[in-house]
file model_4.cif (mmCIF, C-alpha atoms)
data_work
loop_
_atom_site.label_atom_id
_atom_site.label_comp_id
_atom_site.auth_asym_id
_atom_site.auth_seq_id
_atom_site.Cartn_x
_atom_site.Cartn_y
_atom_site.Cartn_z
CA MET L 19 62.13 65.54 15.65
CA THR L 20 59.90 62.51 15.24
CA LEU L 21 56.18 62.55 15.87
CA THR L 22 56.80 60.53 19.04
CA ASP L 23 59.24 63.18 20.30
CA ILE L 24 56.73 65.94 19.56
CA LEU L 25 53.90 64.13 21.33
CA LYS L 26 56.07 63.44 24.37
CA GLU L 27 56.97 67.09 24.93
CA SER L 28 53.53 68.55 24.04
CA ASN L 29 50.79 68.95 26.64
CA ASN L 30 48.18 70.94 24.74
CA ILE L 31 47.63 69.05 21.50
CA VAL L 32 44.78 69.75 19.09
CA PHE L 33 43.91 67.44 16.22
CA PHE L 34 42.25 68.85 13.10
CA GLY L 35 40.99 66.15 10.76
CA GLY L 36 39.22 65.68 7.47
CA ALA L 37 37.74 62.93 5.34
CA GLY L 38 41.01 61.01 5.18
CA VAL L 39 40.60 60.10 8.85
CA SER L 40 37.47 58.11 8.02
CA THR L 41 38.59 56.42 4.80
CA GLU L 42 40.32 53.74 6.87
CA SER L 43 36.86 52.98 8.28
CA ASN L 44 35.72 52.38 4.68
CA ILE L 45 33.90 55.69 4.35
CA PRO L 46 34.75 57.28 0.98
CA ASP L 47 36.39 60.69 0.97
CA PHE L 48 35.35 63.56 -1.28
CA ARG L 49 38.17 64.69 -3.52
CA SER L 50 40.29 61.66 -4.34
CA PRO L 51 39.77 60.14 -7.83
CA THR L 52 37.33 57.56 -6.48
CA GLY L 53 35.82 59.84 -3.83
CA LEU L 54 32.34 61.33 -3.80
CA TYR L 55 33.39 64.17 -6.12
CA GLY L 56 36.17 62.26 -7.91
CA GLU L 57 36.44 61.90 -11.66
CA LYS L 58 36.65 58.09 -11.38
CA LYS L 59 33.54 57.66 -9.27
CA GLU L 60 30.69 55.95 -11.05
CA HIS L 61 28.18 58.78 -11.14
CA THR L 62 24.61 57.50 -11.17
CA TYR L 63 22.88 60.77 -10.32
CA PRO L 64 21.61 63.49 -12.65
CA TYR L 65 23.38 66.28 -10.74
CA PRO L 66 26.86 66.79 -9.29
CA ALA L 67 27.30 65.87 -5.61
CA GLU L 68 27.87 69.52 -4.67
CA THR L 69 24.49 70.42 -6.16
CA MET L 70 22.63 67.57 -4.45
CA LEU L 71 24.17 68.48 -1.10
CA SER L 72 23.10 72.13 -1.30
CA ARG L 73 20.38 73.74 0.81
CA THR L 74 18.52 74.83 -2.31
CA PHE L 75 18.38 71.25 -3.60
CA PHE L 76 17.29 69.95 -0.19
CA ASP L 77 14.42 72.43 -0.07
CA ARG L 78 13.29 71.94 -3.67
CA TYR L 79 13.87 68.24 -4.20
CA PRO L 80 13.79 66.44 -0.84
CA LYS L 81 13.03 63.06 -2.44
CA GLN L 82 16.13 63.18 -4.66
CA PHE L 83 18.21 64.69 -1.85
CA TYR L 84 17.41 61.86 0.51
CA GLU L 85 17.93 59.21 -2.14
CA PHE L 86 21.47 60.52 -2.58
CA TYR L 87 22.00 61.20 1.12
CA PHE L 88 21.02 57.76 2.40
CA ASN L 89 22.92 55.98 -0.39
CA GLU L 90 26.13 58.01 -0.30
CA MET L 91 26.48 59.75 3.08
CA ILE L 92 25.27 57.25 5.67
CA TYR L 93 27.54 54.45 6.91
CA PRO L 94 25.90 53.16 10.11
CA LYS L 95 28.10 50.05 10.25
CA ALA L 96 31.39 51.98 10.10
CA LEU L 97 33.68 51.48 13.09
CA PRO L 98 36.46 53.67 14.53
CA ASN L 99 39.90 52.90 13.12
CA ASP L 100 43.41 53.15 14.56
CA ALA L 101 43.49 56.93 14.11
CA HIS L 102 40.33 57.43 16.17
CA LYS L 103 41.57 55.04 18.85
CA ALA L 104 45.02 56.65 19.10
CA LEU L 105 43.44 60.07 19.60
CA VAL L 106 41.31 58.68 22.44
CA GLU L 107 44.50 57.42 24.11
CA LEU L 108 46.15 60.84 23.74
CA GLU L 109 43.11 62.45 25.30
CA ASN L 110 43.13 59.97 28.18
CA MET L 111 46.80 60.81 28.79
CA GLY L 112 45.77 64.44 29.23
CA LYS L 113 47.79 65.55 26.20
CA LEU L 114 45.07 65.97 23.58
CA LYS L 115 42.70 68.81 24.49
CA ALA L 116 40.37 68.90 21.48
CA ILE L 117 39.49 67.31 18.17
CA ILE L 118 38.21 69.51 15.36
CA THR L 119 36.67 67.50 12.56
CA GLN L 120 35.18 68.15 9.15
CA ASN L 121 33.60 64.68 9.24
CA ILE L 122 29.92 64.06 9.94
CA ASP L 123 30.09 60.36 10.82
CA GLY L 124 30.42 60.61 14.63
CA LEU L 125 33.27 58.09 14.73
CA HIS L 126 35.43 60.16 17.09
CA GLN L 127 32.69 60.05 19.74
CA LYS L 128 32.00 56.40 18.97
CA ALA L 129 35.66 55.68 19.73
CA GLY L 130 35.38 57.50 23.06
CA SER L 131 36.67 61.03 22.41
CA LYS L 132 35.02 63.60 24.63
CA THR L 133 35.95 67.06 23.30
CA VAL L 134 35.00 67.05 19.61
CA TYR L 135 34.05 70.11 17.58
CA GLU L 136 32.10 69.01 14.50
CA LEU L 137 32.47 71.83 11.98
CA HIS L 138 30.01 70.30 9.52
CA GLY L 139 27.58 68.72 11.97
CA SER L 140 26.63 65.05 12.26
CA VAL L 141 24.42 62.56 10.44
CA LEU L 142 23.57 61.15 13.86
CA ARG L 143 21.51 64.25 14.74
CA ASN L 144 18.42 65.24 12.78
CA TYR L 145 15.65 67.69 13.58
CA CYS L 146 12.12 68.62 12.55
CA GLN L 147 12.19 71.92 10.69
CA LYS L 148 8.84 72.90 12.19
CA CYS L 149 8.81 71.90 15.87
CA GLY L 150 12.57 71.44 16.37
CA THR L 151 12.33 67.92 17.83
CA PHE L 152 15.62 66.03 17.44
CA TYR L 153 15.81 62.47 16.12
CA ASP L 154 18.72 60.07 15.99
CA LEU L 155 19.65 58.28 12.77
CA ASP L 156 17.57 55.18 13.46
CA GLN L 157 14.49 57.28 14.24
CA THR L 158 15.04 59.35 11.12
CA ILE L 159 15.26 56.27 8.92
CA ALA L 160 12.18 54.76 10.59
CA ASN L 161 10.09 57.86 9.88
CA ARG L 162 10.54 57.97 6.09
CA ASP L 163 7.39 58.35 3.99
CA GLU L 164 6.60 56.52 0.74
CA ASP L 165 9.04 58.80 -1.11
CA GLY L 166 11.84 58.07 1.34
CA ILE L 167 11.60 61.52 2.95
CA PRO L 168 11.89 61.50 6.77
CA ARG L 169 8.95 63.29 8.35
CA CYS L 170 8.29 64.29 11.93
CA PRO L 171 5.65 62.01 13.48
CA LYS L 172 4.33 64.99 15.46
CA ASP L 173 3.53 67.40 12.64
CA GLY L 174 4.55 65.79 9.34
CA ALA L 175 7.24 68.35 8.53
CA VAL L 176 10.43 67.29 6.78
CA ILE L 177 13.25 66.23 9.09
CA LYS L 178 16.63 67.77 8.21
CA PRO L 179 20.03 66.29 9.01
CA ASP L 180 22.01 68.45 11.42
CA VAL L 181 24.77 68.81 8.83
CA VAL L 182 26.06 71.91 7.11
CA LEU L 183 24.96 71.83 3.48
CA TYR L 184 26.42 73.92 0.69
CA GLU L 185 25.03 77.49 0.91
CA GLU L 186 24.81 77.20 4.72
CA GLY L 187 27.23 78.77 7.17
CA LEU L 188 29.18 77.02 9.90
CA ASP L 189 27.91 77.19 13.47
CA ASN L 190 29.52 80.27 15.02
CA ASP L 191 29.89 78.76 18.50
CA ILE L 192 31.60 75.63 17.20
CA LEU L 193 33.85 77.70 14.94
CA TRP L 194 34.81 79.96 17.85
CA ASN L 195 35.62 76.99 20.08
CA ALA L 196 37.79 75.53 17.31
CA VAL L 197 39.67 78.81 16.86
CA GLU L 198 40.21 79.10 20.63
CA ALA L 199 41.52 75.54 20.89
CA ILE L 200 43.96 75.98 18.01
CA ALA L 201 45.17 79.38 19.25
CA GLN L 202 46.02 77.91 22.67
CA ALA L 203 47.63 74.67 21.44
CA ASP L 204 51.34 73.98 21.69
CA CYS L 205 50.98 71.28 19.00
CA LEU L 206 48.54 71.12 16.09
CA ILE L 207 48.23 67.86 14.18
CA VAL L 208 46.40 68.19 10.87
CA GLY L 209 45.42 64.88 9.34
CA GLY L 210 43.45 63.48 6.44
CA THR L 211 42.51 66.79 4.87
CA SER L 212 43.57 68.47 1.65
CA LEU L 213 43.15 71.89 3.29
CA VAL L 214 41.34 73.35 0.30
CA VAL L 215 37.82 73.85 1.73
CA TYR L 216 37.28 77.20 3.45
CA PRO L 217 36.53 78.47 6.01
CA ALA L 218 37.67 75.25 7.72
CA ALA L 219 41.08 75.25 6.00
CA GLY L 220 41.76 78.75 7.32
CA LEU L 221 41.72 77.53 10.92
CA ILE L 222 45.35 76.50 10.63
CA ASP L 223 46.28 80.19 10.41
CA TYR L 224 45.28 80.70 14.07
CA PHE L 225 48.00 78.34 15.31
CA ARG L 226 50.79 80.06 17.25
CA GLY L 227 52.27 77.03 18.99
CA ARG L 228 55.56 75.21 18.61
CA HIS L 229 54.81 72.13 16.48
CA LEU L 230 52.66 71.96 13.35
CA VAL L 231 52.37 68.40 12.06
CA LEU L 232 50.69 67.45 8.76
CA ILE L 233 49.75 63.82 8.13
CA ASN L 234 48.16 63.13 4.76
CA ARG L 235 48.64 60.62 1.96
CA ASP L 236 49.06 63.44 -0.58
CA GLU L 237 50.78 66.79 -0.50
CA THR L 238 48.85 69.85 0.66
CA THR L 239 49.33 73.54 -0.03
CA LYS L 240 50.33 74.01 3.62
CA ASP L 241 53.15 71.45 3.73
CA HIS L 242 55.77 74.21 3.63
CA MET L 243 54.41 75.65 6.89
CA ALA L 244 54.78 72.46 8.91
CA ASN L 245 57.57 71.34 11.26
CA LEU L 246 56.87 67.74 10.31
CA VAL L 247 55.14 66.34 7.21
CA ILE L 248 54.24 62.65 6.92
CA HIS L 249 52.72 61.18 3.77
CA ASP L 250 51.38 57.85 5.01
CA SER L 251 48.37 56.13 6.56
CA ILE L 252 47.13 58.33 9.37
CA GLY L 253 45.94 55.35 11.41
CA LYS L 254 49.31 53.64 11.19
CA VAL L 255 51.27 56.81 11.94
CA LEU L 256 49.25 57.82 15.00
CA LYS L 257 49.06 54.30 16.42
CA GLU L 258 52.82 53.78 16.16
CA ALA L 259 53.61 57.14 17.76
CA VAL L 260 51.15 56.69 20.63
CA ASP L 261 52.34 53.10 21.24
CA GLN L 262 55.92 54.36 21.50
CA ILE L 263 54.90 56.96 24.12
CA LYS L 264 53.43 54.20 26.27
CA GLU L 265 56.61 52.08 26.20
#

call {"tool": "encode", "arguments": {"input": "model_4.cif", "output": "structure tokens"}}
result
Amino acid sequence: MTLTDILKESNNIVFFGGAGVSTESNIPDFRSPTGLYGEKKEHTYPYPAETMLSRTFFDRYPKQFYEFYFNEMIYPKALPNDAHKALVELENMGKLKAIITQNIDGLHQKAGSKTVYELHGSVLRNYCQKCGTFYDLDQTIANRDEDGIPRCPKDGAVIKPDVVLYEEGLDNDILWNAVEAIAQADCLIVGGTSLVVYPAAGLIDYFRGRHLVLINRDETTKDHMANLVIHDSIGKVLKEAVDQIKE
């Protein structure tokens, strides 16, 4: 069966996506050679990315954390690509019931998707660690002190991005909603993820539906489990399949 055939006969589709969904919006991924952790990236920081994105590093060295964070993790000018837009169309058709994403860029919501479970949080939400007041990205940037550290204008405490850092656990409610959505789906499309980061990668094991589709430029360790594997641009693949449904 083609992806178009699968989409036509499925009425409870869940999409589970990773960094590869956003690379076509010019946001670097993590594990490709030129990605944030890649061996070909020009490293200009004294510590590995995994260290600088840990909770311990955030607490101990907020100045260095935010220097890295604002330079490497924030892409406010990024726009939704064909993959994001195709998923919105599937949702509007009533076929797509949920998006589960490992990305923190908010592009699914920017494109118009309504049911999005952000496993790793979002750079668009930030909160004061003392009083709990939330700030959007623009407010967070505007409230940086002379060291570049965002501070709450109410009490001066450090503002933290609402993202899951290394050493932190995933939000239990979001994780439960993701498990529920996958367990009830008749079609699970996994795209733009290497499926190596747990616990997120383990979500695929809750799928009991009919069609498991993997779309990724490179092979994954789960390819053998899928009914359909496509190694190509996720934006191109999803756009073509959704366009064919509409014909």

call {"tool": "resolve_selection", "arguments": {"input": "model_4.cif", "expression": "the PyMOL selection byres ((chain L and resi 246-250) around 8)", "output": "list in words"}}
result
Met19, Thr20, Leu21, His229, Leu230, Val231, Leu232, Ile233, Asn234, Arg235, Asp236, Glu237, Asp241, Ala244, Asn245, Ser251, Ile252, Lys254 and Val255 of chain L

call {"tool": "residues_around", "arguments": {"input": "model_4.cif", "residues": "Pro80 in chain L", "least_positions_apart": "6", "cutoff": "12 Å", "atoms": "only C-alpha atoms", "output": "count of residues only"}}
result
20

call {"tool": "residues_around", "arguments": {"input": "model_4.cif", "residues": "Asp156 in chain L", "least_positions_apart": "5", "cutoff": "12 Å", "atoms": "all atoms listed in the file", "output": "PyMOL selection string"}}
result
chain L and resi 88+92-94+141-144+161-162+168

call {"tool": "residues_around", "arguments": {"input": "model_4.cif", "residues": "range 181-197 of chain L", "least_positions_apart": "6", "cutoff": "8 Å", "atoms": "all atoms listed in the file", "output": "ChimeraX atom specification"}}
result
/L:68-69,71-74,118,122,135-141,221,224

call {"tool": "closest_residue", "arguments": {"input": "model_4.cif", "among": "L:Leu114, L:Met91, L:Ala101, L:Val106", "to": "Ala203 in chain L", "atoms": "all atoms listed in the file"}}
result
L:Leu114

call {"tool": "closest_residue", "arguments": {"input": "model_4.cif", "among": "L:Asp123, L:Asp47, L:Tyr65, L:Glu85", "to": "Ile159 in chain L", "atoms": "all atoms listed in the file"}}
result
L:Glu85

call {"tool": "atom_distance", "arguments": {"input": "model_4.cif", "atom1": "CA of Cys170 in chain L", "atom2": "CA of Ile45 in chain L"}}
result
28.1 Å

call {"tool": "atom_distance", "arguments": {"input": "model_4.cif", "atom1": "CA of Cys146 in chain L", "atom2": "CA of Asn121 in chain L"}}
result
22.1 Å

call {"tool": "axis_aligned_box", "arguments": {"input": "model_4.cif", "around": "range 108-122 of chain L", "padding_each_side": "3 Å", "output": "AutoDock Vina command-line options"}}
result
--center_x 38.9 --center_y 64.7 --center_z 19.2 --size_x 23.9 --size_y 15.5 --size_z 26.1

call {"tool": "resolve_selection", "arguments": {"input": "model_4.cif", "expression": "the PyMOL selection byres ((chain L and resi 223) around 10)", "output": "count of residues only"}}
result
11

call {"tool": "residues_around", "arguments": {"input": "model_4.cif", "residues": "Ala259 in chain L", "least_positions_apart": "4", "cutoff": "12 Å", "atoms": "all atoms listed in the file", "output": "list in words"}}
result
Thr20, Leu21, Thr22, Asp23, Ile24, Leu25, Lys26, Asp100, Ala101, Ala104, Leu105, Glu107, Leu108, Ile252, Gly253, Lys254, Val255, Ile263, Lys264 and Glu265 of chain L

call {"tool": "closest_residue", "arguments": {"input": "model_4.cif", "among": "L:Gly150, L:His102, L:Tyr145, L:Ser131", "to": "Gly38 in chain L", "atoms": "all atoms listed in the file"}}
result
L:His102

call {"tool": "atom_distance", "arguments": {"input": "model_4.cif", "atom1": "CA of Lys172 in chain L", "atom2": "CA of Asp154 in chain L"}}
result
15.2 Å

call {"tool": "closest_residue", "arguments": {"input": "model_4.cif", "among": "L:Tyr84, L:Lys95, L:Lys132, L:Glu90", "to": "Ala116 in chain L", "atoms": "all atoms listed in the file"}}
result
L:Lys132
